[in-house]
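File shown: run38.csv. Contents: CSV, C-alpha atoms.
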```
chain,number,residue,atom,x,y,z
A,1,MET,CA,71.1,187.5,109.9
A,2,SER,CA,70.3,189.1,106.6
A,3,GLU,CA,71.7,192.5,105.5
A,4,GLN,CA,68.2,194.0,105.5
A,5,THR,CA,67.6,192.7,109.1
A,6,THR,CA,71.0,194.0,110.2
A,7,SER,CA,70.3,197.4,108.8
A,8,ALA,CA,66.9,197.6,110.4
A,9,VAL,CA,68.4,196.7,113.8
A,10,GLN,CA,71.1,199.3,113.4
A,11,ARG,CA,68.5,202.0,112.6
A,12,LEU,CA,66.5,201.0,115.7
A,13,MET,CA,69.6,201.1,117.8
A,14,ASP,CA,70.5,204.6,116.5
A,15,GLN,CA,67.1,205.8,117.5
A,16,TYR,CA,67.3,204.2,120.9
A,17,THR,CA,70.8,205.8,121.4
A,18,GLU,CA,69.6,209.3,120.9
A,19,ILE,CA,66.5,208.9,123.1
A,20,ALA,CA,68.6,207.2,125.8
A,21,ARG,CA,71.1,210.0,125.9
A,22,LEU,CA,68.4,212.7,126.3
A,23,ALA,CA,66.4,210.7,128.9
A,24,GLY,CA,69.5,209.8,130.8
A,25,ALA,CA,70.6,213.4,131.0
A,26,LEU,CA,67.2,214.4,132.3
A,27,ALA,CA,67.1,211.7,134.9
A,28,HIS,CA,70.5,212.8,136.2
A,29,GLU,CA,69.3,216.4,136.5
A,30,ILE,CA,66.4,215.1,138.7
A,31,LYS,CA,68.5,212.7,140.7
A,32,ASN,CA,71.1,215.2,141.9
A,33,PRO,CA,68.7,217.6,143.7
A,34,LEU,CA,66.7,214.6,144.9
A,35,SER,CA,69.8,213.4,146.7
A,36,THR,CA,70.2,216.8,148.3
A,37,ILE,CA,66.6,216.8,149.4
A,38,ARG,CA,67.0,213.4,151.0
A,39,LEU,CA,70.1,214.5,152.9
A,40,ASN,CA,68.3,217.6,154.2
A,41,LEU,CA,65.3,215.6,155.3
A,42,GLN,CA,67.7,213.3,157.3
A,43,LEU,CA,69.3,216.3,159.0
A,44,LEU,CA,65.8,217.8,159.8
A,45,ALA,CA,64.7,214.5,161.3
A,46,GLU,CA,67.8,214.5,163.5
A,47,ASP,CA,67.1,218.0,164.7
A,48,ILE,CA,63.5,217.2,165.6
A,49,GLU,CA,64.5,214.1,167.5
A,50,ASP,CA,66.5,216.2,169.9
A,51,GLU,CA,63.3,217.8,171.3
A,52,PRO,CA,60.6,215.1,171.5
A,53,SER,CA,57.0,216.3,172.0
A,54,PRO,CA,53.6,215.5,170.4
A,55,HIS,CA,54.2,218.2,167.8
A,56,GLN,CA,57.7,216.9,167.0
A,57,HIS,CA,56.3,213.3,166.7
A,58,ARG,CA,53.8,214.5,164.1
A,59,SER,CA,56.6,216.3,162.3
A,60,LEU,CA,58.8,213.2,162.4
A,61,ARG,CA,56.0,211.2,160.8
A,62,ARG,CA,55.6,213.7,158.0
A,63,VAL,CA,59.4,213.8,157.4
A,64,ALA,CA,59.4,209.9,157.4
A,65,THR,CA,56.7,210.0,154.7
A,66,MET,CA,58.7,212.4,152.6
A,67,GLN,CA,61.8,210.3,153.1
A,68,SER,CA,59.9,207.2,151.9
A,69,GLU,CA,58.7,209.0,148.8
A,70,CYS,CA,62.2,210.3,148.0
A,71,GLN,CA,63.5,206.8,148.4
A,72,ARG,CA,60.9,205.5,146.0
A,73,LEU,CA,61.7,208.1,143.4
A,74,GLN,CA,65.4,207.4,143.9
A,75,GLY,CA,64.8,203.7,143.1
A,76,LEU,CA,62.7,204.7,140.1
A,77,LEU,CA,65.4,206.9,138.7
A,78,ASP,CA,68.1,204.2,139.3
A,79,ASP,CA,65.9,201.7,137.4
A,80,PHE,CA,65.4,204.3,134.6
A,81,LEU,CA,69.1,205.1,134.3
A,82,ASN,CA,69.8,201.4,134.0
A,83,PHE,CA,67.1,201.2,131.4
A,84,ALA,CA,68.4,204.1,129.4
A,85,LYS,CA,72.1,203.5,129.8
A,86,VAL,CA,73.9,203.0,126.5
A,87,ARG,CA,76.6,200.4,126.2
A,88,LYS,CA,78.1,198.1,123.7
A,89,LEU,CA,76.5,194.7,123.0
A,90,THR,CA,78.9,192.1,121.8
A,91,LEU,CA,77.3,189.1,120.1
A,92,ARG,CA,79.1,185.8,120.0
A,93,PRO,CA,78.1,182.4,118.7
A,94,THR,CA,76.5,180.7,121.7
A,95,ASP,CA,74.9,177.3,122.6
A,96,LEU,CA,71.5,178.5,123.8
A,97,ASN,CA,70.7,175.2,125.5
A,98,ALA,CA,73.9,175.4,127.6
A,99,GLU,CA,73.3,179.0,128.4
A,100,LEU,CA,69.7,178.3,129.6
A,101,GLY,CA,70.9,175.3,131.6
A,102,ASP,CA,73.4,177.4,133.5
A,103,LEU,CA,70.8,180.1,134.1
A,104,LEU,CA,68.1,177.6,135.3
A,105,ASP,CA,70.7,176.0,137.7
A,106,PHE,CA,71.2,179.5,139.1
A,107,PHE,CA,67.5,180.1,139.4
A,108,ALA,CA,66.7,176.7,140.9
A,109,PRO,CA,67.0,177.5,144.6
A,110,GLU,CA,64.6,180.5,144.2
A,111,ALA,CA,62.1,178.4,142.2
A,112,GLU,CA,62.3,175.6,144.8
A,113,ALA,CA,61.7,178.0,147.7
A,114,ALA,CA,58.6,179.3,145.9
A,115,GLY,CA,57.2,175.9,145.1
A,116,VAL,CA,57.8,176.3,141.4
A,117,ASP,CA,58.6,173.1,139.4
A,118,VAL,CA,60.9,174.0,136.5
A,119,VAL,CA,60.6,171.6,133.5
A,120,ARG,CA,63.1,171.7,130.7
A,121,TYR,CA,62.6,170.6,127.1
A,122,PHE,CA,65.7,171.4,125.1
A,123,ASP,CA,66.0,170.6,121.4
A,124,PRO,CA,69.3,168.8,121.0
A,125,GLU,CA,69.6,169.9,117.4
A,126,LEU,CA,69.3,173.6,118.1
A,127,PRO,CA,71.5,175.8,115.9
A,128,THR,CA,74.0,178.2,117.4
A,129,VAL,CA,72.8,181.8,117.9
A,130,LEU,CA,74.5,185.1,118.4
A,131,LEU,CA,74.1,186.3,122.0
A,132,ASP,CA,75.5,188.9,124.4
A,133,ARG,CA,75.7,186.6,127.4
A,134,GLU,CA,75.3,189.2,130.1
A,135,SER,CA,72.4,191.1,128.7
A,136,PHE,CA,70.5,188.0,127.4
A,137,ARG,CA,70.8,186.3,130.8
A,138,GLY,CA,69.4,189.4,132.4
A,139,ALA,CA,66.5,189.5,130.0
A,140,VAL,CA,65.5,185.8,130.5
A,141,LEU,CA,66.1,186.0,134.3
A,142,ASN,CA,63.6,188.9,134.5
A,143,LEU,CA,61.0,186.7,132.7
A,144,LEU,CA,61.7,183.8,135.1
A,145,LEU,CA,61.3,186.0,138.1
A,146,ASN,CA,58.0,187.4,136.7
A,147,ALA,CA,56.8,183.8,136.2
A,148,LYS,CA,57.6,183.0,139.8
A,149,GLN,CA,55.8,186.0,141.1
A,150,ALA,CA,52.7,185.0,139.0
A,151,MET,CA,52.6,181.7,140.9
A,152,PRO,CA,52.5,182.8,144.6
A,153,ASP,CA,51.2,179.4,145.6
A,154,GLY,CA,53.6,177.5,143.4
A,155,GLY,CA,53.1,175.9,140.0
A,156,GLN,CA,55.0,174.7,137.0
A,157,LEU,CA,57.3,176.7,134.7
A,158,THR,CA,58.2,175.0,131.4
A,159,VAL,CA,61.3,176.2,129.5
A,160,ALA,CA,61.6,174.8,126.0
A,161,THR,CA,63.7,175.5,122.9
A,162,GLY,CA,63.1,174.6,119.3
A,163,GLY,CA,63.6,175.9,115.8
A,164,ASP,CA,61.7,176.5,112.6
A,165,GLY,CA,64.6,176.9,110.1
A,166,GLU,CA,65.4,180.7,110.1
A,167,TRP,CA,64.6,181.2,113.8
A,168,VAL,CA,65.5,179.7,117.2
A,169,LEU,CA,62.6,179.7,119.6
A,170,LEU,CA,62.6,179.9,123.4
A,171,HIS,CA,59.3,179.2,125.2
A,172,LEU,CA,58.6,180.1,128.8
A,173,ILE,CA,55.2,178.8,130.0
A,174,ASP,CA,53.9,179.3,133.5
A,175,THR,CA,50.7,178.1,135.2
A,176,GLY,CA,50.2,181.3,137.1
A,177,CYS,CA,47.5,183.9,137.4
A,178,GLY,CA,47.8,185.2,133.8
A,179,MET,CA,46.8,188.6,132.6
A,180,ASP,CA,43.7,190.2,131.1
A,181,ASP,CA,43.7,191.6,127.6
A,182,GLN,CA,44.2,195.2,128.7
A,183,THR,CA,47.2,194.4,130.9
A,184,ALA,CA,48.8,192.2,128.2
A,185,ALA,CA,48.4,194.9,125.6
A,186,ARG,CA,50.3,197.4,127.8
A,187,MET,CA,52.9,195.1,129.4
A,188,PHE,CA,55.8,196.3,127.3
A,189,GLU,CA,55.0,200.0,127.8
A,190,THR,CA,57.6,202.0,129.7
A,191,PHE,CA,56.5,202.7,133.4
A,192,PHE,CA,53.4,200.5,133.1
A,193,SER,CA,53.3,198.1,136.1
A,194,THR,CA,50.6,196.2,138.0
A,195,LYS,CA,53.0,195.5,140.9
A,196,PRO,CA,53.0,197.7,144.0
A,197,GLY,CA,56.1,199.8,143.9
A,198,GLY,CA,57.1,198.4,140.5
A,199,SER,CA,59.1,200.6,138.2
A,200,GLY,CA,57.5,199.3,135.0
A,201,LEU,CA,60.9,199.0,133.3
A,202,GLY,CA,61.6,195.3,133.6
A,203,LEU,CA,59.7,194.1,130.5
A,204,PRO,CA,60.5,197.1,128.3
A,205,THR,CA,64.1,196.5,129.0
A,206,THR,CA,63.8,192.8,128.3
A,207,SER,CA,62.0,193.6,125.0
A,208,LYS,CA,64.8,196.0,124.0
A,209,ILE,CA,67.5,193.4,124.7
A,210,ILE,CA,65.7,190.9,122.5
A,211,GLU,CA,65.3,193.4,119.7
A,212,ALA,CA,69.0,194.3,120.0
A,213,HIS,CA,69.7,190.6,119.2
A,214,GLY,CA,67.6,191.0,116.0
A,215,GLY,CA,64.8,188.9,117.7
A,216,ALA,CA,61.3,189.4,118.9
A,217,ILE,CA,59.2,188.6,121.9
A,218,ARG,CA,55.5,187.8,122.0
A,219,VAL,CA,53.1,186.7,124.7
A,220,GLU,CA,49.9,184.6,125.0
A,221,THR,CA,48.1,184.8,128.3
A,222,GLU,CA,44.8,184.1,129.9
A,223,VAL,CA,43.5,185.0,133.4
A,224,ASP,CA,43.8,182.0,135.8
A,225,CYS,CA,45.4,179.9,133.1
A,226,GLY,CA,49.0,181.2,132.8
A,227,THR,CA,51.3,183.0,130.5
A,228,HIS,CA,53.4,181.9,127.5
A,229,PHE,CA,56.3,184.0,126.4
A,230,THR,CA,58.0,183.2,123.1
A,231,ILE,CA,61.4,184.6,122.2
A,232,SER,CA,62.5,184.3,118.6
A,233,LEU,CA,66.2,184.7,117.7
A,234,PRO,CA,67.6,184.7,114.1
A,235,VAL,CA,69.8,181.8,113.0
A,236,PRO,CA,73.0,183.4,111.7
A,237,PRO,CA,74.3,182.4,108.3
A,238,ARG,CA,77.0,179.8,108.1
A,239,LEU,CA,80.4,181.5,107.7
A,240,ALA,CA,82.9,179.1,106.2
A,241,GLY,CA,86.5,179.3,107.5
A,242,GLN,CA,85.7,181.5,110.4
A,243,GLY,CA,85.7,180.4,114.0
A,244,SER,CA,84.2,183.1,116.2
A,245,VAL,CA,82.1,186.0,115.0
A,246,GLU,CA,81.6,189.2,117.0
A,247,ARG,CA,79.4,192.2,116.2
A,248,GLU,CA,78.8,195.3,118.3
A,249,VAL,CA,75.6,197.2,118.4
A,250,VAL,CA,74.5,200.0,120.8
A,251,LEU,CA,72.0,198.8,123.4
A,252,PRO,CA,70.0,201.0,125.8
A,253,LYS,CA,70.3,198.6,128.7
```

Show how you would write the structure in this file as C-alpha cells.
Amino acid sequence: MSEQTTSAVQRLMDQYTEIARLAGALAHEIKNPLSTIRLNLQLLAEDIEDEPSPHQHRSLRRVATMQSECQRLQGLLDDFLNFAKVRKLTLRPTDLNAELGDLLDFFAPEAEAAGVDVVRYFDPELPTVLLDRESFRGAVLNLLLNAKQAMPDGGQLTVATGGDGEWVLLHLIDTGCGMDDQTAARMFETFFSTKPGGSGLGLPTTSKIIEAHGGAIRVETEVDCGTHFTISLPVPPRLAGQGSVEREVVLPK
C-alpha cells in the first residue's frame, strides 16, 4: 500500500473515530432509559394480569405493543453501537483464497437449506493481501447472507477472485431479485433498509470494514437479474527480509 494511500486511510479512520465516539455516547444515553422503560412495562403487564377483565385485556394489548416497539428500538441501538464501536484492526498477510474457502464451508449448510448453489472460481496465482480476519469475514458473510435473502426460491451464487496488478478483486455474483437504481444508490447509507425490521447498518458496516483495509466496494445490479458486488483490496508492497507484517488502524466496527 502506498504512503499516500496509507495516509488517506488514516485520515478517514480519524474522522470515523471521532464520529463513532460521539454517536456511541448518544446511543448509550438513549439505551439506558429505554431499558428502564422496558422493565416498567413488564411490571405493569404483570399487575394488569392479576385482574383480568375486558378493559385489562385492552390495556395488556397496548402494553404488548409498547413492549414490542421498545424491543425493536433496543435491537436498533445494539446494531448501532456495534456499528459505531471503535476497536483496533490488525492487518496480517493472508491467503484470501484460503480465507474464503473456510468461510464458504461455514456458509454451505445455510446455502444448501436455501437452495442456493455456491460456485467457486479462485485464482491460484492470487497475491497475498493484508486482512484483519475477524472483521473481514464478518463483512463478506454479511454479503453472502444478503445474497441468500435475495434468492428466496434458490439460485446461484458465484464467488470468484482475481487480480489486476495493484489490486486483488473479490466478486460475489447472485441470480437474485436485484435492485432498482434508487435502492442501489442508497444501499450504503446508514439506516437505509428495504427489509422489514432491518436496521440499515449491515452494508454501511461492510463498506467501512473494506475501506479500513484500504479497499473499495462497488455494486452492479438489475431488477430480476441479480447483483454483482466487487471488493478491491490493495496488493501490499514486497518487504524483503520480513516475515509477518502487522499494522493497526482504528475501525468503527

From the set A:Asp105, A:Glu99, A:Glu29, A:Asp180, which residue has the shortest atom-to-atom contact distance to A:Glu222, counting all atoms listed in the file? A:Asp180

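The space between atom CA of A:His57 and atom CA of A:Ala45 spans 10.1 Å.
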
Which residue of A:Leu172, A:Leu41, A:Met179, A:Met187 approaches A:His228 most closely, using all atoms listed in the file: A:Leu172

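Using all atoms listed in the file, the smallest distance between any of A:Ile217, A:Leu103, A:Val235, A:Leu60 and A:Ile48 comes from A:Leu60.
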
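Neighbouring residues of A:Thr128 at 9 Å or closer, counting only C-alpha atoms and skipping chain neighbours under 3 positions away, are A:Pro93, A:Thr94, A:Asp95, A:Leu96, A:Val168, A:Val235, A:Pro236.
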
Complete the atom set of stretch 164-175 of chain A to all heavy atoms and return it as a PDB file, keeping the file's coordinate frame.
```
ATOM      1  N   ASP A 164      62.594 176.688 113.754  1.00  0.00           N
ATOM      2  CA  ASP A 164      61.700 176.500 112.600  1.00  0.00           C
ATOM      3  C   ASP A 164      62.490 176.925 111.308  1.00  0.00           C
ATOM      4  O   ASP A 164      61.918 177.494 110.380  1.00  0.00           O
ATOM      5  CB  ASP A 164      60.451 177.354 112.715  1.00  0.00           C
ATOM      6  CG  ASP A 164      60.716 178.855 112.787  1.00  0.00           C
ATOM      7  OD1 ASP A 164      61.898 179.254 112.794  1.00  0.00           O
ATOM      8  OD2 ASP A 164      59.740 179.627 112.811  1.00  0.00           O
ATOM      9  N   GLY A 165      63.775 176.634 111.276  1.00  0.00           N
ATOM     10  CA  GLY A 165      64.600 176.900 110.100  1.00  0.00           C
ATOM     11  C   GLY A 165      65.361 178.224 110.244  1.00  0.00           C
ATOM     12  O   GLY A 165      66.563 178.198 110.524  1.00  0.00           O
ATOM     13  N   GLU A 166      64.706 179.367 110.074  1.00  0.00           N
ATOM     14  CA  GLU A 166      65.400 180.700 110.100  1.00  0.00           C
ATOM     15  C   GLU A 166      65.457 181.217 111.559  1.00  0.00           C
ATOM     16  O   GLU A 166      66.203 182.161 111.812  1.00  0.00           O
ATOM     17  CB  GLU A 166      64.695 181.670 109.238  1.00  0.00           C
ATOM     18  CG  GLU A 166      64.757 181.321 107.758  1.00  0.00           C
ATOM     19  CD  GLU A 166      64.130 182.411 106.904  1.00  0.00           C
ATOM     20  OE1 GLU A 166      63.636 183.397 107.493  1.00  0.00           O
ATOM     21  OE2 GLU A 166      64.131 182.274 105.673  1.00  0.00           O
ATOM     22  N   TRP A 167      64.678 180.658 112.470  1.00  0.00           N
ATOM     23  CA  TRP A 167      64.600 181.200 113.800  1.00  0.00           C
ATOM     24  C   TRP A 167      64.789 180.108 114.868  1.00  0.00           C
ATOM     25  O   TRP A 167      64.364 178.973 114.677  1.00  0.00           O
ATOM     26  CB  TRP A 167      63.239 181.878 114.054  1.00  0.00           C
ATOM     27  CG  TRP A 167      62.997 183.021 113.129  1.00  0.00           C
ATOM     28  CD1 TRP A 167      62.417 182.979 111.890  1.00  0.00           C
ATOM     29  CD2 TRP A 167      63.357 184.391 113.349  1.00  0.00           C
ATOM     30  NE1 TRP A 167      62.378 184.221 111.332  1.00  0.00           N
ATOM     31  CE2 TRP A 167      62.951 185.115 112.200  1.00  0.00           C
ATOM     32  CE3 TRP A 167      63.966 185.073 114.394  1.00  0.00           C
ATOM     33  CZ2 TRP A 167      63.154 186.488 112.079  1.00  0.00           C
ATOM     34  CZ3 TRP A 167      64.161 186.436 114.278  1.00  0.00           C
ATOM     35  CH2 TRP A 167      63.754 187.128 113.133  1.00  0.00           C
ATOM     36  N   VAL A 168      65.411 180.490 115.963  1.00  0.00           N
ATOM     37  CA  VAL A 168      65.500 179.700 117.200  1.00  0.00           C
ATOM     38  C   VAL A 168      64.452 180.198 118.149  1.00  0.00           C
ATOM     39  O   VAL A 168      64.375 181.422 118.356  1.00  0.00           O
ATOM     40  CB  VAL A 168      66.882 179.673 117.774  1.00  0.00           C
ATOM     41  CG1 VAL A 168      66.867 179.076 119.177  1.00  0.00           C
ATOM     42  CG2 VAL A 168      67.846 178.883 116.893  1.00  0.00           C
ATOM     43  N   LEU A 169      63.665 179.316 118.733  1.00  0.00           N
ATOM     44  CA  LEU A 169      62.600 179.700 119.600  1.00  0.00           C
ATOM     45  C   LEU A 169      62.831 179.303 121.045  1.00  0.00           C
ATOM     46  O   LEU A 169      63.257 178.170 121.306  1.00  0.00           O
ATOM     47  CB  LEU A 169      61.246 179.139 119.121  1.00  0.00           C
ATOM     48  CG  LEU A 169      60.870 179.421 117.668  1.00  0.00           C
ATOM     49  CD1 LEU A 169      59.569 178.706 117.310  1.00  0.00           C
ATOM     50  CD2 LEU A 169      60.741 180.924 117.413  1.00  0.00           C
ATOM     51  N   LEU A 170      62.560 180.216 121.960  1.00  0.00           N
ATOM     52  CA  LEU A 170      62.600 179.900 123.400  1.00  0.00           C
ATOM     53  C   LEU A 170      61.240 180.175 123.980  1.00  0.00           C
ATOM     54  O   LEU A 170      60.699 181.272 123.852  1.00  0.00           O
ATOM     55  CB  LEU A 170      63.663 180.841 124.068  1.00  0.00           C
ATOM     56  CG  LEU A 170      63.632 180.905 125.598  1.00  0.00           C
ATOM     57  CD1 LEU A 170      63.825 179.522 126.213  1.00  0.00           C
ATOM     58  CD2 LEU A 170      64.681 181.896 126.116  1.00  0.00           C
ATOM     59  N   HIS A 171      60.670 179.154 124.597  1.00  0.00           N
ATOM     60  CA  HIS A 171      59.300 179.200 125.200  1.00  0.00           C
ATOM     61  C   HIS A 171      59.456 179.204 126.719  1.00  0.00           C
ATOM     62  O   HIS A 171      60.164 178.357 127.271  1.00  0.00           O
ATOM     63  CB  HIS A 171      58.456 178.080 124.740  1.00  0.00           C
ATOM     64  CG  HIS A 171      58.304 177.966 123.259  1.00  0.00           C
ATOM     65  ND1 HIS A 171      57.381 178.693 122.543  1.00  0.00           N
ATOM     66  CD2 HIS A 171      58.974 177.200 122.345  1.00  0.00           C
ATOM     67  CE1 HIS A 171      57.476 178.393 121.257  1.00  0.00           C
ATOM     68  NE2 HIS A 171      58.434 177.490 121.114  1.00  0.00           N
ATOM     69  N   LEU A 172      58.767 180.118 127.385  1.00  0.00           N
ATOM     70  CA  LEU A 172      58.600 180.100 128.800  1.00  0.00           C
ATOM     71  C   LEU A 172      57.155 180.124 129.177  1.00  0.00           C
ATOM     72  O   LEU A 172      56.467 181.113 128.911  1.00  0.00           O
ATOM     73  CB  LEU A 172      59.345 181.314 129.467  1.00  0.00           C
ATOM     74  CG  LEU A 172      60.863 181.367 129.253  1.00  0.00           C
ATOM     75  CD1 LEU A 172      61.195 182.334 128.133  1.00  0.00           C
ATOM     76  CD2 LEU A 172      61.589 181.777 130.522  1.00  0.00           C
ATOM     77  N   ILE A 173      56.681 179.018 129.739  1.00  0.00           N
ATOM     78  CA  ILE A 173      55.200 178.800 130.000  1.00  0.00           C
ATOM     79  C   ILE A 173      54.995 178.581 131.445  1.00  0.00           C
ATOM     80  O   ILE A 173      55.514 177.612 132.016  1.00  0.00           O
ATOM     81  CB  ILE A 173      54.723 177.623 129.146  1.00  0.00           C
ATOM     82  CG1 ILE A 173      55.153 177.749 127.681  1.00  0.00           C
ATOM     83  CG2 ILE A 173      53.214 177.514 129.253  1.00  0.00           C
ATOM     84  CD1 ILE A 173      54.979 176.478 126.886  1.00  0.00           C
ATOM     85  N   ASP A 174      54.214 179.446 132.079  1.00  0.00           N
ATOM     86  CA  ASP A 174      53.900 179.300 133.500  1.00  0.00           C
ATOM     87  C   ASP A 174      52.422 178.937 133.687  1.00  0.00           C
ATOM     88  O   ASP A 174      51.603 179.153 132.787  1.00  0.00           O
ATOM     89  CB  ASP A 174      54.307 180.481 134.319  1.00  0.00           C
ATOM     90  CG  ASP A 174      53.464 181.722 134.026  1.00  0.00           C
ATOM     91  OD1 ASP A 174      52.225 181.659 134.204  1.00  0.00           O
ATOM     92  OD2 ASP A 174      54.024 182.763 133.641  1.00  0.00           O
ATOM     93  N   THR A 175      52.112 178.419 134.849  1.00  0.00           N
ATOM     94  CA  THR A 175      50.700 178.100 135.200  1.00  0.00           C
ATOM     95  C   THR A 175      50.178 179.081 136.209  1.00  0.00           C
ATOM     96  O   THR A 175      49.394 178.720 137.081  1.00  0.00           O
ATOM     97  CB  THR A 175      50.641 176.655 135.763  1.00  0.00           C
ATOM     98  OG1 THR A 175      51.486 176.552 136.932  1.00  0.00           O
ATOM     99  CG2 THR A 175      51.086 175.626 134.735  1.00  0.00           C
TER     100      THR A 175
END
```
